[in-house]
Amino acid sequence: MVLKKLKYQGFRNLVDAELEFADNFNFIIGKNAAGKTNLLEAIFYAGLASSFRIREEQNLIRIGEPFLRVDAETEDMRAIVYFDGQKKKLTLHGNEVRRLSNYVGWLGITTLSIEDIWMVRGAPSCRRAFIDWTIAKTSTVYLRNLIEYRKILRQRNRILQNGGDNKNSDVLELFDEQLIRTGNEIYRKRADFLPKLREHITAFGQEPGLQKLTFGYRSSCPDMKLDHDVLKRTRSREFIVGHTLVGPHRDDLHFSINARSLKNFASEGEERAGVISMKLAEAEILYKETGKRPILLLDEVAAELDRERIEVLLQLLKGQVFYASTQLPSFLNINEQKNRFFSVARGIFEVSTKN
């Protein structure tokens, strides 16, 4: 998959423009806060109709503008995302798409960012998001089940917060059935995904400078199966705390190097190398599932890596790459004819030469 053009209006601090990209490397160079990451975010938004940085999408609309719009073109597809702060309109090939699950996945995308270290250091929700987004990019059904599961979960939690009388317990039984059905569909897809993730993480971990990671999946349900018995065992505690204590939304990944917890014992360099292995594994899974290379968005990934790891990373990248940084890797031999260089200042992008 190759992103040929991107046109954006009212997006962040970017001055409205249309950009054309190279099939290989696109280097986006500029000072901090110039707009580099915002461009990557606009590409991500075009592909997934969401941001990899924030949840409040209203903040994506440039101050003083009534809406944002992002148009993206590949060799065989055109997509548009329009958002006015209240309503979002998605379009593929000129046809409106009413379900997010039918839109996500049209453009394969993997991001590598300096902030990815929170996949190791952060809460379990960071690692669940990694699993969920990777699967959702190749499975409309999974994303649909995930959206439905979260809706059921919110409704079930409201009942738990109202107290444990007989009436609420009877209503809870109805939501239990729905939670079990959608939860086990999610578990089924995760169980299929985890061996693939392990295979590719292991393969990339053999590369010099990266890490030989292992991981375990910690499920709140025995054998990754949600049923009435599991729910009944936690029901009294759930009424006390006011939320659902078991299910896919409570699970976690635990990464380790040489039987040592990556989160608790690894150096920062090991953490970052481990995350790179995970993201490269994601990109390879997307390729295996779809037959198309995802585009790679790199946001300041070299800022805290040593030269050896940067060289290894850049050599492993396959497909179209968007590399955003304050400067080019000085040691990289780049063919200017096959790649494109952009300089950015105050949200304005200009095609430049390598220097």
# chains A, B, ... in the order shown; residues from 1 in each chain; ligands from 1
$ select_by_dssp --residues "range 144-346 of chain A" --states "strand (DSSP E)" --output "PyMOL selection string"
chain A and resi 213-218+252-257+260-261+295-299+321-325+340-345
$ write_last_selection --atoms "C-alpha atoms" --output "short mmCIF file (atom, residue, chain, number, x, y, z; two decimals), in the first residue's frame"
data_model
loop_
_atom_site.label_atom_id
_atom_site.label_comp_id
_atom_site.auth_asym_id
_atom_site.auth_seq_id
_atom_site.Cartn_x
_atom_site.Cartn_y
_atom_site.Cartn_z
CA LEU A 213 11.43 -10.72 23.90
CA THR A 214 9.09 -13.29 25.33
CA PHE A 215 5.63 -12.56 26.62
CA GLY A 216 2.75 -14.08 28.47
CA TYR A 217 -0.92 -13.23 28.20
CA ARG A 218 -2.53 -12.67 31.59
CA ASP A 252 -2.69 -7.76 30.02
CA LEU A 253 0.54 -8.71 28.25
CA HIS A 254 3.68 -9.29 30.30
CA PHE A 255 6.97 -8.90 28.43
CA SER A 256 10.30 -10.23 29.59
CA ILE A 257 13.95 -10.53 28.52
CA ARG A 260 13.30 -10.71 33.66
CA SER A 261 10.35 -8.39 33.49
CA ILE A 295 2.71 2.46 5.62
CA LEU A 296 5.06 3.22 8.51
CA LEU A 297 4.86 6.46 10.48
CA LEU A 298 8.05 7.15 12.46
CA ASP A 299 7.87 10.04 14.90
CA VAL A 321 7.96 5.18 5.30
CA PHE A 322 7.27 8.62 6.76
CA TYR A 323 10.23 9.62 8.93
CA ALA A 324 9.65 12.74 11.03
CA SER A 325 12.56 14.19 12.97
CA ARG A 340 11.19 12.77 -0.97
CA PHE A 341 12.33 15.35 1.55
CA PHE A 342 10.06 17.87 3.21
CA SER A 343 11.03 20.78 5.38
CA VAL A 344 8.36 22.17 7.68
CA ALA A 345 8.02 25.42 9.61
#
$ residues_around --residues "range 267-277 of chain A" --least-positions-apart "4" --cutoff "8 Å" --atoms "only C-alpha atoms" --output "count of residues only"
20
$ select_by_dssp --residues "range 184-334 of chain A" --states "alpha helix (DSSP H)" --output "ChimeraX atom specification"
/A:184-204,228-241,262-265,268-290,307-316
$ closest_residue --among "A:Gly10, A:Gly64, A:Gly94, A:Pro248" --to "Arg128 in chain A" --atoms "only C-alpha atoms"
A:Pro248
$ closest_atom_pairs --of "range 223-308 of chain A" --to "range 166-176 of chain A" --cutoff "10 Å" --atoms "only C-alpha atoms" --output "Markdown table"
| residue | atom | partner | partner_atom | distance |
| --- | --- | --- | --- | --- |
| A:Leu226 | CA | A:Asp176 | CA | 9.7 |
| A:Asp227 | CA | A:Asp176 | CA | 8.5 |
| A:His228 | CA | A:Asp176 | CA | 7.3 |
| A:Leu231 | CA | A:Asp176 | CA | 7.8 |
| A:Lys232 | CA | A:Asp176 | CA | 9.8 |
| A:Arg235 | CA | A:Ser169 | CA | 9.3 |
| A:Phe239 | CA | A:Ser169 | CA | 9.7 |
$ residues_around --residues "Phe21 in chain A" --least-positions-apart "3" --cutoff "7 Å" --atoms "only C-alpha atoms" --output "PyMOL selection string"
chain A and resi 3-5+26+340
$ write_last_selection --atoms "C-alpha atoms" --output "PDB file, in the first residue's frame"
ATOM      1  CA  LEU A   3      -0.179   6.749  -0.001  1.00  0.00           C
ATOM      2  CA  LYS A   4       0.098   8.956  -3.070  1.00  0.00           C
ATOM      3  CA  LYS A   5      -1.554  12.191  -1.916  1.00  0.00           C
ATOM      4  CA  ASN A  26       9.435  10.492   2.951  1.00  0.00           C
ATOM      5  CA  ARG A 340      11.189  12.765  -0.970  1.00  0.00           C
TER       6      ARG A 340
END
$ atom_distance --atom1 "CA of Ser219 in chain A" --atom2 "CA of Gly247 in chain A"
7.8 Å
$ residues_around --residues "Ala34 in chain A" --least-positions-apart "5" --cutoff "9 Å" --atoms "only C-alpha atoms" --output "list in words"
Asn13, Leu14, Val344, Ala345, Arg346, Gly347 and Ile348 of chain A
$ write_last_selection --atoms "C-alpha atoms" --output "mmCIF file, in the first residue's frame"
data_model
loop_
_atom_site.group_PDB
_atom_site.id
_atom_site.type_symbol
_atom_site.label_atom_id
_atom_site.label_comp_id
_atom_site.auth_asym_id
_atom_site.auth_seq_id
_atom_site.Cartn_x
_atom_site.Cartn_y
_atom_site.Cartn_z
ATOM 1 C CA ASN A 13 -1.639 23.846 13.177
ATOM 2 C CA LEU A 14 -1.160 22.742 9.563
ATOM 3 C CA VAL A 344 8.356 22.167 7.683
ATOM 4 C CA ALA A 345 8.019 25.420 9.611
ATOM 5 C CA ARG A 346 4.880 26.849 11.223
ATOM 6 C CA GLY A 347 2.684 24.197 9.642
ATOM 7 C CA ILE A 348 3.893 24.850 6.079
#
$ residues_around --residues "Arg53 in chain A" --least-positions-apart "5" --cutoff "10 Å" --atoms "only C-alpha atoms" --output "list in words"
Thr37, Asn38, Glu41 and Glu115 of chain A
$ atom_distance --atom1 "CA of Ser220 in chain A" --atom2 "CA of Leu153 in chain A"
15.1 Å
$ residues_around --residues "Phe130 in chain A" --least-positions-apart "5" --cutoff "12 Å" --atoms "only C-alpha atoms" --output "PyMOL selection string"
chain A and resi 52+110-112+116+118-120+122-125+135-137+190+193-194+197+252-253+275+278-279+281-283
$ atom_distance --atom1 "CA of Gly47 in chain A" --atom2 "CA of Asp71 in chain A"
9.8 Å
$ closest_residue --among "A:Ile152, A:Val70, A:Arg127, A:Gln327" --to "Lys7 in chain A" --atoms "only C-alpha atoms"
A:Val70
